[in-house]
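See below for protein_14.cif, which holds mmCIF, C-alpha atoms and all ligand atoms.
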```cif
data_query
#
loop_
_atom_site.label_atom_id
_atom_site.label_comp_id
_atom_site.auth_asym_id
_atom_site.auth_seq_id
_atom_site.Cartn_x
_atom_site.Cartn_y
_atom_site.Cartn_z
CA MET A 214 6.56 -1.26 -24.18
CA THR A 215 7.82 -3.40 -21.27
CA LYS A 216 6.44 -2.29 -17.90
CA ARG A 217 8.82 -1.73 -14.99
CA ALA A 218 8.22 -2.60 -11.34
CA THR A 219 10.31 -1.71 -8.30
CA VAL A 220 10.03 -3.96 -5.27
CA VAL A 221 11.25 -2.55 -1.93
CA GLY A 222 12.48 -5.44 0.23
CA ALA A 223 14.18 -8.71 -0.71
CA GLY A 224 12.53 -10.84 1.99
CA ILE A 225 10.04 -13.62 1.29
CA ALA A 226 7.31 -11.17 0.22
CA GLY A 227 9.60 -9.10 -2.00
CA LEU A 228 11.08 -12.06 -3.82
CA THR A 229 7.77 -13.92 -4.35
CA SER A 230 6.15 -10.72 -5.69
CA ALA A 231 9.17 -10.07 -7.92
CA ILE A 232 8.78 -13.60 -9.33
CA ALA A 233 5.04 -13.05 -9.99
CA LEU A 234 5.80 -9.75 -11.74
CA ALA A 235 8.69 -11.11 -13.83
CA GLU A 236 6.58 -14.13 -14.86
CA SER A 237 3.96 -11.62 -16.06
CA GLY A 238 6.44 -9.81 -18.32
CA TYR A 239 7.52 -6.95 -16.01
CA GLU A 240 11.12 -5.75 -15.85
CA VAL A 241 11.76 -5.95 -12.09
CA VAL A 242 14.29 -4.31 -9.76
CA VAL A 243 14.39 -5.35 -6.08
CA LEU A 244 15.98 -2.93 -3.58
CA ASP A 245 17.03 -3.97 -0.08
CA ARG A 246 18.79 -1.96 2.61
CA ALA A 247 20.60 -5.05 3.97
CA ALA A 248 23.94 -5.99 2.45
CA ALA A 249 23.13 -9.72 2.88
CA PRO A 250 20.12 -11.94 3.72
CA PRO A 251 19.29 -12.33 7.47
CA LYS A 252 21.29 -14.68 9.71
CA PRO A 253 19.95 -18.23 9.50
CA SER A 254 17.96 -19.11 12.63
CA LEU A 255 14.31 -19.23 11.55
CA GLY A 256 12.44 -22.33 10.39
CA LEU A 257 9.08 -21.93 8.65
CA ALA A 258 5.98 -24.09 8.55
CA ILE A 259 4.33 -23.82 5.15
CA THR A 260 0.70 -24.81 5.51
CA GLY A 261 -1.79 -26.08 2.89
CA ASN A 262 -2.89 -22.62 1.77
CA GLY A 263 0.74 -21.52 1.33
CA LEU A 264 1.49 -24.65 -0.70
CA GLU A 265 -1.54 -24.00 -2.96
CA ALA A 266 -0.40 -20.42 -3.50
CA LEU A 267 3.18 -21.52 -4.20
CA ALA A 268 1.78 -23.89 -6.86
CA ALA A 269 0.22 -20.87 -8.61
CA ILE A 270 3.68 -19.30 -9.01
CA GLU A 271 5.25 -22.68 -9.88
CA LEU A 272 7.35 -22.97 -6.72
CA ARG A 273 5.53 -25.71 -4.81
CA GLY A 274 7.60 -28.64 -6.14
CA VAL A 275 11.00 -27.11 -5.46
CA VAL A 276 9.97 -25.99 -1.96
CA GLU A 277 8.54 -29.42 -1.10
CA ARG A 278 11.71 -31.14 -2.29
CA ALA A 279 13.96 -28.82 -0.25
CA GLY A 280 11.91 -29.10 2.96
CA VAL A 281 10.36 -31.88 5.00
CA THR A 282 6.72 -32.84 4.60
CA THR A 283 5.12 -33.29 7.98
CA ARG A 284 1.84 -32.43 9.73
CA MET A 285 0.45 -31.36 13.09
CA GLY A 286 1.42 -33.82 15.80
CA ARG A 287 0.62 -33.90 19.47
CA ILE A 288 -0.15 -30.98 21.74
CA LEU A 289 0.96 -31.57 25.35
CA THR A 290 1.05 -29.62 28.59
CA ASP A 291 4.43 -28.31 29.77
CA ALA A 292 4.59 -31.35 32.09
CA GLY A 293 4.09 -33.73 29.16
CA THR A 294 0.42 -34.67 29.60
CA PRO A 295 -1.06 -35.27 26.11
CA LEU A 296 -3.93 -32.93 25.26
CA MET A 297 -4.48 -33.57 21.57
CA GLN A 298 -3.30 -36.54 19.54
CA GLU A 299 -1.68 -36.33 16.11
CA THR A 300 -3.87 -36.12 13.02
CA GLU A 301 -4.32 -39.44 11.28
CA THR A 302 -5.16 -38.52 7.70
CA GLY A 303 -3.00 -36.65 5.21
CA ALA A 304 -5.12 -33.54 5.82
CA GLY A 305 -3.17 -30.52 6.95
CA ASP A 306 0.17 -31.36 5.31
CA ILE A 307 2.87 -28.90 6.32
CA VAL A 308 6.33 -28.37 4.83
CA GLY A 309 9.06 -27.49 7.35
CA ILE A 310 11.83 -25.48 5.70
CA ARG A 311 14.72 -23.24 6.78
CA GLU A 312 14.07 -19.58 5.97
CA GLU A 313 17.60 -19.50 4.58
CA THR A 314 16.80 -22.32 2.11
CA LEU A 315 13.52 -20.72 1.07
CA LEU A 316 15.17 -17.34 0.46
CA ARG A 317 17.85 -19.03 -1.66
CA ILE A 318 15.22 -20.85 -3.76
CA LEU A 319 13.33 -17.58 -4.29
CA ALA A 320 16.48 -15.59 -5.11
CA ASP A 321 17.60 -18.23 -7.65
CA ARG A 322 14.19 -18.26 -9.37
CA ALA A 323 14.09 -14.44 -9.44
CA ASP A 324 17.59 -14.44 -10.90
CA ASP A 325 16.59 -16.95 -13.61
CA LEU A 326 13.69 -14.67 -14.55
CA GLY A 327 16.05 -11.70 -14.99
CA VAL A 328 15.11 -9.82 -11.79
CA GLU A 329 17.83 -7.37 -10.75
CA THR A 330 18.51 -7.24 -6.98
CA ARG A 331 20.34 -4.23 -5.55
CA ARG A 332 21.50 -4.72 -1.95
CA ALA A 333 22.73 -2.14 0.57
CA THR A 334 20.14 0.23 -0.95
CA LEU A 335 17.99 2.03 1.59
CA VAL A 336 14.71 3.54 0.35
CA ARG A 337 13.74 6.58 2.43
CA SER A 338 11.26 8.23 0.08
CA ASP A 339 9.94 7.82 -3.47
CA ALA A 340 12.83 10.03 -4.61
CA ASP A 341 15.12 7.02 -3.97
CA LEU A 342 13.26 4.85 -6.50
CA PRO A 343 14.30 4.34 -10.12
CA GLU A 344 11.75 5.29 -12.82
CA THR A 345 8.99 2.76 -12.49
CA ASP A 346 5.36 1.99 -13.40
CA LEU A 347 4.58 0.14 -10.14
CA VAL A 348 6.06 0.11 -6.61
CA VAL A 349 5.63 -2.96 -4.43
CA GLY A 350 6.17 -2.30 -0.72
CA ALA A 351 7.56 -5.55 0.66
CA ASP A 352 9.64 -3.80 3.29
CA GLY A 353 8.31 -5.60 6.35
CA LEU A 354 6.79 -4.60 9.69
CA ARG A 355 8.18 -1.04 9.75
CA SER A 356 7.50 -0.40 6.07
CA THR A 357 8.54 2.92 4.56
CA VAL A 358 6.20 2.42 1.59
CA ARG A 359 3.28 1.91 3.99
CA ARG A 360 4.04 5.32 5.51
CA TRP A 361 3.38 6.93 2.11
CA ILE A 362 0.02 5.15 1.90
CA LYS A 363 -1.28 5.21 5.47
CA PRO A 364 1.09 7.03 7.84
CA ARG A 365 -1.02 6.47 10.96
CA VAL A 366 -0.98 2.66 10.99
CA GLN A 367 1.90 1.65 13.25
CA PRO A 368 3.04 -1.75 14.56
CA ASP A 369 2.12 -2.65 18.13
CA TYR A 370 3.93 -4.84 20.68
CA SER A 371 1.98 -7.99 21.55
CA GLY A 372 3.38 -8.31 25.09
CA ALA A 373 5.08 -11.61 24.16
CA ALA A 374 8.50 -12.53 22.84
CA CYS A 375 9.77 -15.61 21.05
CA TRP A 376 13.09 -17.41 21.59
CA PHE A 377 14.07 -19.71 18.76
CA GLY A 378 16.85 -21.54 16.98
CA ILE A 379 17.74 -24.44 14.71
CA SER A 380 19.33 -27.53 16.24
CA ASP A 381 21.05 -30.41 14.47
CA ALA A 382 19.00 -33.57 13.90
CA LEU A 383 18.70 -35.39 17.26
CA GLU A 384 17.21 -38.74 18.15
CA SER A 385 14.45 -36.89 19.99
CA THR A 386 13.46 -34.86 16.89
CA PRO A 387 9.77 -35.69 16.39
CA GLU A 388 8.54 -36.64 12.91
CA LEU A 389 5.49 -34.43 13.36
CA VAL A 390 5.15 -30.86 14.58
CA THR A 391 4.90 -31.11 18.38
CA SER A 392 3.67 -28.33 20.67
CA TRP A 393 3.50 -27.70 24.40
CA VAL A 394 1.38 -25.21 26.31
CA GLY A 395 2.10 -23.85 29.78
CA ARG A 396 1.11 -20.87 31.89
CA GLY A 397 1.80 -17.76 29.79
CA THR A 398 4.05 -19.79 27.49
CA GLU A 399 3.94 -22.17 24.54
CA ALA A 400 6.68 -24.03 22.74
CA GLY A 401 7.16 -26.30 19.79
CA ILE A 402 9.47 -28.31 17.56
CA LEU A 403 9.14 -28.33 13.75
CA PRO A 404 11.18 -30.96 11.88
CA LEU A 405 13.37 -29.53 9.11
CA ASP A 406 15.73 -30.95 6.52
CA ASN A 407 18.56 -32.34 8.67
CA GLY A 408 17.59 -30.55 11.89
CA ALA A 409 14.72 -29.02 13.78
CA PHE A 410 13.36 -25.56 14.48
CA TRP A 411 12.40 -25.05 18.13
CA TYR A 412 10.69 -22.06 19.67
CA ILE A 413 9.39 -20.88 23.02
CA SER A 414 6.97 -17.98 23.08
CA ALA A 415 6.20 -16.30 26.38
CA ILE A 416 4.51 -13.27 27.84
CA ASP A 417 7.54 -11.09 28.57
CA ARG A 418 6.69 -8.10 30.70
CA GLN A 419 10.21 -7.90 32.13
CA ARG A 420 12.13 -7.05 28.99
CA GLY A 421 9.21 -5.81 26.91
CA PRO A 422 9.97 -4.97 23.30
CA SER A 423 13.75 -4.64 23.86
CA THR A 424 15.74 -6.53 21.24
CA ALA A 425 19.09 -6.85 23.09
CA GLY A 426 20.31 -10.32 22.16
CA GLU A 427 23.29 -11.39 24.24
CA LYS A 428 21.25 -13.04 27.04
CA SER A 429 18.97 -14.95 24.65
CA ALA A 430 20.61 -18.40 24.89
CA ALA A 431 20.61 -18.36 28.73
CA GLU A 432 16.99 -17.18 28.83
CA ALA A 433 15.92 -19.85 26.33
CA ALA A 434 17.64 -22.57 28.39
CA GLN A 435 15.88 -21.35 31.51
CA LEU A 436 12.48 -21.23 29.79
CA GLY A 437 13.13 -24.61 28.14
CA GLY A 438 13.55 -26.11 31.61
CA LEU A 439 9.86 -25.40 32.24
CA PHE A 440 8.92 -27.90 29.51
CA GLU A 441 9.43 -31.59 28.85
CA ALA A 442 12.93 -32.93 28.09
CA PRO A 443 13.13 -32.86 24.24
CA LEU A 444 12.91 -29.09 24.16
CA SER A 445 15.91 -28.59 26.50
CA GLU A 446 17.91 -31.06 24.43
CA HIS A 447 17.22 -29.07 21.27
CA ILE A 448 18.14 -25.79 22.96
CA ALA A 449 21.37 -27.30 24.27
CA ALA A 450 22.19 -28.60 20.76
CA THR A 451 21.95 -25.10 19.26
CA GLN A 452 24.97 -22.80 19.01
CA ARG A 453 24.59 -20.10 21.68
CA ASP A 454 25.03 -17.22 19.24
CA ALA A 455 22.39 -18.73 16.94
CA VAL A 456 19.63 -18.42 19.55
CA THR A 457 17.41 -15.43 18.84
CA ARG A 458 14.96 -13.55 21.02
CA GLN A 459 12.41 -11.57 19.09
CA PRO A 460 9.70 -9.40 20.64
CA LEU A 461 6.49 -10.12 18.75
CA PHE A 462 4.88 -7.19 17.01
CA TYR A 463 1.81 -7.07 14.82
CA LEU A 464 0.08 -4.53 12.62
CA PRO A 465 -3.38 -3.43 13.78
CA THR A 466 -5.98 -4.10 11.10
CA GLY A 467 -6.47 -0.43 10.17
CA LEU A 468 -5.58 -0.56 6.48
CA PRO A 469 -8.74 -0.31 4.36
CA ARG A 470 -6.66 -1.01 1.22
CA PHE A 471 -3.23 -2.45 0.43
CA THR A 472 -2.88 -0.16 -2.63
CA SER A 473 -2.54 3.53 -3.43
CA THR A 474 -2.30 5.81 -6.44
CA ARG A 475 -1.89 8.91 -4.24
CA THR A 476 1.82 9.54 -4.79
CA GLY A 477 1.59 9.40 -8.58
CA THR A 478 3.21 5.99 -9.02
CA PRO A 479 0.79 3.14 -8.22
CA ALA A 480 1.92 1.37 -5.04
CA LEU A 481 0.95 -2.00 -3.60
CA LEU A 482 1.75 -3.49 -0.17
CA VAL A 483 2.50 -7.18 0.39
CA GLY A 484 3.75 -9.38 3.24
CA ASP A 485 4.40 -7.97 6.72
CA ALA A 486 4.27 -4.43 5.30
CA ALA A 487 0.54 -5.00 4.67
CA HIS A 488 -0.49 -7.51 7.32
CA ALA A 489 2.19 -8.36 9.93
CA MET A 490 0.75 -10.79 12.46
CA VAL A 491 1.97 -12.72 15.51
CA PRO A 492 3.23 -16.16 14.43
CA SER A 493 0.81 -18.25 16.54
CA LEU A 494 -0.95 -19.68 13.46
CA VAL A 495 2.22 -19.70 11.32
CA GLN A 496 0.56 -17.55 8.65
CA GLY A 497 2.92 -14.57 8.05
CA ALA A 498 4.89 -16.09 5.17
CA ASN A 499 1.94 -18.20 4.00
CA GLN A 500 -0.08 -15.02 3.53
CA THR A 501 2.75 -13.51 1.46
CA PHE A 502 2.55 -16.52 -0.88
CA GLU A 503 -1.16 -15.80 -1.29
CA ASP A 504 -0.35 -12.13 -2.08
CA ALA A 505 2.05 -13.18 -4.83
CA ALA A 506 -0.29 -15.82 -6.27
CA VAL A 507 -3.19 -13.33 -6.44
CA LEU A 508 -0.89 -10.77 -8.05
CA ARG A 509 0.17 -13.34 -10.66
CA VAL A 510 -3.43 -14.18 -11.64
CA LEU A 511 -4.56 -10.54 -11.71
CA LEU A 512 -1.56 -9.39 -13.76
CA ARG A 513 -2.66 -11.91 -16.38
CA ASP A 514 -6.37 -11.02 -16.28
CA GLU A 515 -6.46 -7.26 -15.56
CA PRO A 516 -4.57 -4.93 -17.92
CA ASN A 517 -5.93 -1.84 -16.15
CA ILE A 518 -4.03 -1.01 -12.92
CA GLU A 519 -7.04 0.53 -11.17
CA THR A 520 -9.18 -2.55 -11.74
CA LEU A 521 -6.25 -4.74 -10.76
CA PHE A 522 -5.86 -2.82 -7.49
CA ALA A 523 -9.58 -3.03 -6.74
CA ARG A 524 -9.57 -6.78 -7.27
CA PHE A 525 -6.33 -7.21 -5.27
CA ASN A 526 -7.97 -5.44 -2.32
CA GLU A 527 -11.11 -7.56 -2.68
CA GLU A 528 -9.07 -10.77 -2.65
CA ARG A 529 -6.52 -9.85 -0.01
CA VAL A 530 -7.59 -7.25 2.57
CA GLN A 531 -10.34 -9.13 4.37
CA ARG A 532 -8.64 -12.50 4.05
CA ALA A 533 -5.27 -11.32 5.49
CA GLN A 534 -6.89 -9.23 8.23
CA ARG A 535 -8.99 -12.20 9.32
CA MET A 536 -5.71 -14.12 9.77
CA GLN A 537 -4.24 -11.23 11.77
CA ILE A 538 -7.22 -11.30 14.13
CA ARG A 539 -7.26 -15.11 14.45
CA SER A 540 -3.50 -15.14 15.11
CA TRP A 541 -3.96 -12.57 17.86
CA ARG A 542 -6.78 -14.58 19.45
CA ALA A 543 -4.71 -17.77 19.20
CA ILE A 544 -1.68 -16.30 21.00
CA ARG A 545 -3.85 -15.05 23.83
CA TRP A 546 -5.55 -18.42 24.14
CA MET A 547 -2.43 -20.58 23.87
CA GLN A 548 -0.41 -18.32 26.20
CA ALA A 549 -3.18 -17.74 28.74
CA THR A 550 -1.71 -16.47 32.01
CA HIS A 551 -4.77 -16.97 34.20
CA PRO A 552 -4.91 -20.51 35.67
CA VAL A 553 -8.67 -20.80 34.99
CA THR A 554 -8.32 -19.79 31.32
CA GLY A 555 -5.39 -22.22 31.04
CA ALA A 556 -7.46 -25.05 32.52
CA VAL A 557 -10.37 -24.30 30.14
CA ARG A 558 -7.95 -24.27 27.18
CA ASN A 559 -6.43 -27.61 28.22
CA ALA A 560 -9.85 -29.17 28.68
CA ALA A 561 -11.02 -27.89 25.27
CA LEU A 562 -7.89 -29.26 23.55
CA LYS A 563 -8.33 -32.60 25.31
CA LEU A 564 -12.01 -32.94 24.47
CA MET A 565 -11.84 -31.84 20.84
CA PRO A 566 -11.84 -34.91 18.58
CA THR A 567 -8.79 -34.99 16.27
CA MET A 568 -11.05 -35.11 13.22
CA VAL A 569 -12.78 -31.86 14.22
CA ALA A 570 -9.36 -30.23 14.72
CA GLU A 571 -8.34 -31.36 11.21
CA ILE A 572 -11.52 -29.99 9.64
CA LEU A 573 -11.07 -26.67 11.48
CA THR A 574 -7.43 -26.41 10.39
CA ASP A 575 -8.38 -27.09 6.78
CA TRP A 576 -11.27 -24.65 6.85
CA HIS A 577 -9.31 -21.84 8.46
CA GLY A 578 -6.39 -22.21 6.07
CA ARG A 579 -8.27 -22.85 2.83
CA TRP A 580 -7.21 -20.49 0.04
CA VAL A 581 -9.07 -20.18 -3.25
CA SER A 582 -7.32 -18.65 -6.27
CA PRO A 583 -9.19 -15.72 -7.90
CA ASP A 584 -9.42 -17.74 -11.14
CA ALA A 585 -10.98 -20.83 -9.49
CA PRO A 586 -14.73 -21.39 -9.98
CA ARG A 587 -16.61 -20.25 -6.83
C1 LIG B 601 9.48 -16.67 15.49
C2 LIG B 601 8.74 -16.57 14.19
C3 LIG B 601 8.28 -17.70 13.58
C4 LIG B 601 7.57 -17.61 12.37
N1 LIG B 601 7.12 -18.76 11.81
C5 LIG B 601 6.41 -18.68 10.67
C6 LIG B 601 5.94 -19.87 10.06
O1 LIG B 601 6.19 -20.98 10.53
N2 LIG B 601 5.17 -19.76 8.92
C7 LIG B 601 4.89 -18.53 8.38
O2 LIG B 601 4.18 -18.48 7.35
N3 LIG B 601 5.35 -17.39 8.93
C8 LIG B 601 6.10 -17.44 10.05
N4 LIG B 601 6.61 -16.30 10.60
C9 LIG B 601 6.34 -14.99 9.94
C10 LIG B 601 7.28 -14.75 8.75
O3 LIG B 601 8.61 -14.96 9.15
C11 LIG B 601 7.09 -13.33 8.22
O4 LIG B 601 5.73 -13.05 8.05
C12 LIG B 601 7.78 -13.14 6.89
O5 LIG B 601 9.14 -13.49 7.00
C13 LIG B 601 7.64 -11.70 6.42
O6 LIG B 601 8.34 -11.52 5.24
P1 LIG B 601 8.43 -10.09 4.55
O7 LIG B 601 9.22 -10.29 3.31
O8 LIG B 601 7.08 -9.49 4.46
O9 LIG B 601 9.22 -9.16 5.58
P2 LIG B 601 10.76 -9.17 6.02
O10 LIG B 601 11.27 -10.55 6.13
O11 LIG B 601 10.84 -8.30 7.22
O12 LIG B 601 11.53 -8.49 4.81
C14 LIG B 601 11.53 -7.09 4.62
C15 LIG B 601 12.78 -6.72 3.84
O13 LIG B 601 12.71 -5.33 3.50
C16 LIG B 601 13.96 -4.73 3.73
N5 LIG B 601 13.70 -3.30 4.02
C17 LIG B 601 12.97 -2.80 5.06
N6 LIG B 601 12.90 -1.45 4.96
C18 LIG B 601 13.57 -1.12 3.84
C19 LIG B 601 13.84 0.14 3.21
N7 LIG B 601 13.37 1.29 3.69
N8 LIG B 601 14.59 0.15 2.07
C20 LIG B 601 15.06 -1.03 1.56
N9 LIG B 601 14.83 -2.24 2.11
C21 LIG B 601 14.09 -2.28 3.23
C22 LIG B 601 14.57 -5.49 4.91
O14 LIG B 601 15.98 -5.41 4.92
C23 LIG B 601 14.07 -6.92 4.63
O15 LIG B 601 14.98 -7.66 3.85
C24 LIG B 601 7.34 -16.35 11.79
C25 LIG B 601 7.84 -15.19 12.40
C26 LIG B 601 8.53 -15.29 13.59
C27 LIG B 601 9.05 -14.05 14.24
#
```
Output the file's structure in the form of structure tokens.
Ligand SMILES: Cc1cc2nc3c(=O)[nH]c(=O)nc-3n(C[C@H](O)[C@H](O)[C@H](O)COP(=O)(O)OP(=O)(O)OC[C@H]3O[C@@H](n4cnc5c(N)ncnc54)[C@H](O)[C@@H]3O)c2cc1C
Amino acid sequence: MTKRATVVGAGIAGLTSAIALAESGYEVVVLDRAAAPPKPSLGLAITGNGLEALAAIELRGVVERAGVTTRMGRILTDAGTPLMQETETGAGDIVGIREETLLRILADRADDLGVETRRATLVRSDADLPETDLVVGADGLRSTVRRWIKPRVQPDYSGAACWFGISDALESTPELVTSWVGRGTEAGILPLDNGAFWYISAIDRQRGPSTAGEKSAAEAAQLGGLFEAPLSEHIAATQRDAVTRQPLFYLPTGLPRFTSTRTGTPALLVGDAAHAMVPSLVQGANQTFEDAAVLRVLLRDEPNIETLFARFNEERVQRAQRMQIRSWRAIRWMQATHPVTGAVRNAALKLMPTMVAEILTDWHGRWVSPDAPR
């Protein structure tokens, strides 16, 4: 008999998991409370580990073709003093892609595999689910499914917010990812297909976790003025109502497992629902690709759901939580507010040979599939 899976959430995690399940022979329904995908203002950096994981669910080629292949470029101070030079080898390839494009690719593939997506469908409790053999909670930072599994783990505000947008292609768009660090702030530009994603992240004690959006463009322009010229140009070349300010939340690493059989129907958490992290190491979506790739391999190798869950936890919990912790450390380091910490950071970035930075980036990102020889 065909097994049925219900995925809650049609974001990146929900759609990649739905693809892994449908490729493994499941009949899949995806439920999302939103009537339409989110408004297009986010650009994503897909790092080496994410690309490896996408290859395991046969999506690497299409994503690479739709995005722009680039790599880490220079890191400068807010005044434009170079701290770290660009990497010189092909190590650390990154694909820059619009979230909108990625979601379309995933939705098309899910559709081709016969996944049914029901929008404007809010899940409040398991009573809202259709009959199913497996529930996948891909419902983001404030996950409802997570509340059934571990009600006490709640998202926390990082103390920082991020202003971002997508500008048209400009002459000043760098070919490589370029970043700036200042006092309590960092910023960057990621080249995309026909445009660029820019962001400024800053400690924001004034507005705290408020999400009110109407002042975002003015605030971004003001913050952009603290950095070198290309950033202000990109902010000015972005439609005012397409500039977003997002307070940065993360999930504390209190989940001992991403799975549960407590409610009767086996449930599994993926993406931000399981391991939301601040975006300082650009790993949120990349970790969701790893979730889906692991799920794909285990669905093939483990017919028993309890063994599958045990192996999923072994492969994913420690790995994702390590990324959450490293991302947290990175944001504190890159957005240091104390002048002495900032000076130490700048000196460390300046002194670190590019080759060492490349090796560290490769090591920290390296993902090994559960079916690879170890
Ligand atoms: C500024 C910024 C830059 C980033 N840059 C990068 C990057 O470069 N690289 C990277 O890898 N990551 C990056 N990230 C992180 C990445 O965007 C997220 O980790 C990723 O989008 C999470 O996807 P998700 O599907 O888990 O969650 P979401 O995108 O939040 O999707 C959850 C879905 O569930 C639905 N939903 C929620 N509750 C319910 C419910 N009760 N019933 C039904 N539906 C529900 C929602 O409508 C939504 O569609 C960045 C994040 C930010 C903020």
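Minimum atom-to-atom distance to A:Gly263, evaluated using only C-alpha atoms, belongs to A:Gly497 out of A:Pro295, A:Pro443, A:Gly497, A:Gly353.
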Taking the point (-10.4, -35.0, 21.6) as given in the file, collect each protein or nucleic acid residue that comes within 12 Å of it, counting all atoms listed in the file, and present the set as a tab-separated table (two decimals) with C-alpha atoms, keeping the file's coordinate frame.
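Just written: part_22.tsv:
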```tsv
chain	number	residue	atom	x	y	z
A	287	ARG	CA	0.62	-33.90	19.47
A	288	ILE	CA	-0.15	-30.98	21.74
A	295	PRO	CA	-1.06	-35.27	26.11
A	296	LEU	CA	-3.93	-32.93	25.26
A	297	MET	CA	-4.48	-33.57	21.57
A	298	GLN	CA	-3.30	-36.54	19.54
A	299	GLU	CA	-1.68	-36.33	16.11
A	300	THR	CA	-3.87	-36.12	13.02
A	559	ASN	CA	-6.43	-27.61	28.22
A	560	ALA	CA	-9.85	-29.17	28.68
A	561	ALA	CA	-11.02	-27.89	25.27
A	562	LEU	CA	-7.89	-29.26	23.55
A	563	LYS	CA	-8.33	-32.60	25.31
A	564	LEU	CA	-12.01	-32.94	24.47
A	565	MET	CA	-11.84	-31.84	20.84
A	566	PRO	CA	-11.84	-34.91	18.58
A	567	THR	CA	-8.79	-34.99	16.27
A	568	MET	CA	-11.05	-35.11	13.22
A	569	VAL	CA	-12.78	-31.86	14.22
A	570	ALA	CA	-9.36	-30.23	14.72
A	571	GLU	CA	-8.34	-31.36	11.21
```
Next item on the list: May I ask you to write as a VMD selection string all residues lying at most 7 Å from ligand LIG 601 (chain B), with all atoms listed in the file counted?
Entry: chain A and resid 221 to 227 244 to 247 250 255 to 259 334 to 337 351 to 357 375 377 412 459 461 483 to 486 489 492 495 to 501
Note to self: As an exercise, work out the distance from atom CA of A:Val456 to atom CA of A:Thr294 in Å and give it to one decimal place.
What the structure shows: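 Distance reported for this atom pair: 27.1 Å.
Nearest residue to A:Ala505, choosing from A:Glu277, A:Glu236, A:Asp454, A:Glu519 and counting only C-alpha atoms: A:Glu236.
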Margin query: Which residues are close to stretch 404-407 of chain A, i.e. within 8 Å by all atoms listed in the file, leaving aside same-chain residues fewer than 5 positions away? Reply as a list in words.
Written below: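 Close residues of stretch 404-407 of chain A: Gly256, Ala279, Gly280, Val281, Thr283, Gly309, Ile310, Arg311, Asp381, Ala382, Thr386, Pro387, Glu388, Leu389 and Val390 of chain A.
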Check: When you draw a straight line from atom CA of A:Ser392 to atom CA of A:Leu267, how long is it in Å?
Finding: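 Atom-to-atom, atom CA of A:Ser392 and atom CA of A:Leu267 are spaced 25.8 Å apart.
Among A:Pro552, A:Gly372, A:Pro583, A:Gly477, the residue with the shortest atom-to-atom distance to A:Phe525, counting all atoms listed in the file, is A:Pro583.
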Reconstruct N, CA and C atoms of stretch 572-584 of chain A from the incomplete input and present them as a short mmCIF file (atom, residue, chain, number, x, y, z; two decimals), keeping the file's coordinate frame.
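rebuild_36.cif written:
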```cif
data_model
loop_
_atom_site.label_atom_id
_atom_site.label_comp_id
_atom_site.auth_asym_id
_atom_site.auth_seq_id
_atom_site.Cartn_x
_atom_site.Cartn_y
_atom_site.Cartn_z
N ILE A 572 -10.56 -30.71 10.49
CA ILE A 572 -11.52 -29.99 9.64
C ILE A 572 -11.37 -28.48 9.87
N LEU A 573 -11.22 -28.10 11.16
CA LEU A 573 -11.07 -26.67 11.48
C LEU A 573 -9.80 -26.10 10.85
N THR A 574 -8.71 -26.88 10.95
CA THR A 574 -7.43 -26.41 10.39
C THR A 574 -7.57 -26.21 8.88
N ASP A 575 -8.20 -27.18 8.23
CA ASP A 575 -8.38 -27.09 6.78
C ASP A 575 -9.25 -25.91 6.41
N TRP A 576 -10.33 -25.73 7.16
CA TRP A 576 -11.27 -24.65 6.85
C TRP A 576 -10.61 -23.29 7.04
N HIS A 577 -9.87 -23.16 8.15
CA HIS A 577 -9.31 -21.84 8.46
C HIS A 577 -8.20 -21.48 7.47
N GLY A 578 -7.51 -22.50 6.96
CA GLY A 578 -6.39 -22.21 6.07
C GLY A 578 -6.76 -22.15 4.59
N ARG A 579 -7.94 -22.65 4.24
CA ARG A 579 -8.27 -22.85 2.83
C ARG A 579 -8.14 -21.56 2.01
N TRP A 580 -7.36 -21.65 0.91
CA TRP A 580 -7.21 -20.49 0.04
C TRP A 580 -7.73 -20.84 -1.35
N VAL A 581 -8.53 -19.93 -1.92
CA VAL A 581 -9.07 -20.18 -3.25
C VAL A 581 -8.51 -19.12 -4.20
N SER A 582 -7.90 -19.57 -5.28
CA SER A 582 -7.32 -18.65 -6.27
C SER A 582 -8.43 -17.81 -6.91
N PRO A 583 -8.14 -16.55 -7.27
CA PRO A 583 -9.19 -15.72 -7.90
C PRO A 583 -9.70 -16.31 -9.21
N ASP A 584 -8.93 -17.19 -9.86
CA ASP A 584 -9.42 -17.74 -11.14
C ASP A 584 -10.11 -19.11 -10.98
#
```
